[in-house]
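Worksheet for the structure shown next.
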Amino acid sequence: MELSTLIAKDLLSIRAVFFRPEQPFLWASGIKSPIYCDNRLTLTAPAVRNDVENGLCELVRTYYPEVEVLMGTSTAGIAHAAIVGHLLGLPMGYVRGGNKDHGRQNRIEGRLEPGQKVVVVEDLISTGGSVIEVVEALRDAGAEVLGVVSIFTYGMKKGLDRLSEAQVENHSLTDFDRIVAVAAEEHYIKAEDVERLIAFRDNPSDESWIGGIK
């Protein structure tokens with residue numbers, strides 16, 4: 001089975017993906033979304049967690065074989081970075097959302113030497129803003145950021161454009177389109193909801209999908 005399909009099936013099987021086109025979720029960015037993906041639930045489902053961590057290892061080996069350090073995003077990427085670092089025998093740290101206000105006032109936790117080749121581990125990517133901030137913090141510290149590996153990406157144009165402009169490469173285990181396709185095949189959602197979900201992905205600011213596609 002293709003990796004992206006396996007991970008989509010896994011996430012759906014543990015109800016880590018919530019569909020609510022009639023009562024959209026409100027993101028911190030203000031976007032209304034018919035879908036919410038809670039990848040933290042993979043940590044409490046050992047079989048799925050195994051697939052996810054081995055999948056992330058495969059992405060790192062395939063796309064970034066020269067990596068020297070893994071850096072997780074705070075907070076959702078930290079556990080995944082730690083597990084993947086353990087499996088690959090790599091050093092691991094993480095990047096805070098901002099500098100601590102006490103102690104050494106670190107933003108980057110763990111040892112990072114200037115010039116080291118880093119891969120960022122993220123749980124999901126929507127508009128791309130948070131992971132770009134992490135990459136910029138690492139670059140400011142002198143790291144060579146090779147790219148990002150993540151569990152899920154929404155594939156929104158805004159997010160893809162922002163990543164491209166910031167010269168940040170991302171590889172995800174699965175994505176919005178695959179999740180929606182598998183959800184329809186396995187009857188987690190109705191076939192008629194697929195068009196509404198894709199309409200959201202294509203243009204989140206156009207909320208006509210909430211009332212249904214005419």
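Chain lettering (A, B, ...) mirrors the order of the structure tokens, residue numbering begins at 1 for each chain separately, and ligand numbering begins at 1 in order of display.
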- Name the residues in contact with Phe152 of chain A at a cut-off of 6 Å, using only C-alpha atoms, excluding same-chain residues fewer than 6 positions from it; report them as an NGL selection string. :A and (124 or 172 or 174-175)
- Item | Spatial neighbours of segment 86-92 of chain A, 8 Å, only C-alpha atoms, chain gap at least 4 places, as a ChimeraX atom specification | /A:57,68-72,81-82,110
- Among the residues of segment 158-209 of chain A, find those DSSP assigns to alpha helix (DSSP H) from the backbone and print them as number ranges by chain. A: 158-165, 176-185, 193-202
- Please, what distance in Å, to one decimal, runs between atom CA of Gly159 of chain A and atom CA of Thr5 of chain A?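 Taking atom CA of Gly159 of chain A as the start and atom CA of Thr5 of chain A as the end point, the length is 22.0 Å.
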- Using only C-alpha atoms, pick whichever of A:Glu109, A:Asp38, A:Glu22, A:Asp202 has the shortest atom-to-atom distance to Lys157 of chain A.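 Of all the options, A:Asp202 lies closest to Lys157 of chain A.
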- Item | Within 12 Å of Gln167 of chain A using only C-alpha atoms, minus same-chain residues under 4 positions, as a PyMOL selection string | chain A and resi 128+131-132+135-136+139+144-148+160-163
Those same residues - N, CA, C and O atoms - I'd like them written as a short mmCIF file (atom, residue, chain, number, x, y, z; two decimals), in the first residue's frame.
```cif
data_model
loop_
_atom_site.label_atom_id
_atom_site.label_comp_id
_atom_site.auth_asym_id
_atom_site.auth_seq_id
_atom_site.Cartn_x
_atom_site.Cartn_y
_atom_site.Cartn_z
N GLY A 128 1.43 27.55 6.58
CA GLY A 128 2.89 27.54 6.52
C GLY A 128 3.60 28.53 7.43
O GLY A 128 4.83 28.46 7.58
N VAL A 131 5.83 27.03 10.63
CA VAL A 131 7.03 26.27 10.32
C VAL A 131 8.09 27.16 9.67
O VAL A 131 9.29 26.96 9.86
N ILE A 132 7.65 28.17 8.92
CA ILE A 132 8.61 29.11 8.32
C ILE A 132 9.32 29.89 9.42
O ILE A 132 10.53 30.13 9.35
N VAL A 135 12.02 27.65 10.75
CA VAL A 135 13.14 27.57 9.82
C VAL A 135 13.98 28.84 9.88
O VAL A 135 15.22 28.78 9.90
N GLU A 136 13.32 30.00 9.94
CA GLU A 136 14.06 31.26 10.00
C GLU A 136 14.87 31.38 11.28
O GLU A 136 16.00 31.89 11.27
N ARG A 139 17.90 29.23 10.76
CA ARG A 139 18.83 29.89 9.83
C ARG A 139 19.57 31.03 10.53
O ARG A 139 20.77 31.21 10.33
N GLU A 144 22.07 25.09 8.47
CA GLU A 144 21.67 24.89 7.09
C GLU A 144 20.43 24.01 7.10
O GLU A 144 20.52 22.80 7.34
N VAL A 145 19.27 24.61 6.88
CA VAL A 145 18.02 23.86 6.95
C VAL A 145 17.77 23.19 5.60
O VAL A 145 17.54 23.85 4.59
N LEU A 146 17.83 21.88 5.60
CA LEU A 146 17.64 21.12 4.36
C LEU A 146 16.18 21.10 3.94
O LEU A 146 15.86 21.12 2.75
N GLY A 147 15.28 21.03 4.92
CA GLY A 147 13.87 20.98 4.62
C GLY A 147 13.05 20.53 5.81
O GLY A 147 13.55 20.48 6.94
N VAL A 148 11.82 20.18 5.54
CA VAL A 148 10.84 19.82 6.57
C VAL A 148 10.22 18.46 6.23
O VAL A 148 9.96 18.17 5.05
N LEU A 160 1.53 26.77 0.21
CA LEU A 160 2.53 26.34 -0.76
C LEU A 160 3.33 27.53 -1.27
O LEU A 160 4.56 27.46 -1.43
N ASP A 161 2.64 28.65 -1.52
CA ASP A 161 3.32 29.86 -2.01
C ASP A 161 4.28 30.41 -0.96
O ASP A 161 5.40 30.81 -1.28
N ARG A 162 3.83 30.43 0.30
CA ARG A 162 4.70 30.95 1.37
C ARG A 162 5.94 30.10 1.55
O ARG A 162 7.05 30.62 1.75
N LEU A 163 5.78 28.79 1.49
CA LEU A 163 6.93 27.89 1.62
C LEU A 163 7.90 28.11 0.47
O LEU A 163 9.12 28.17 0.67
#
```
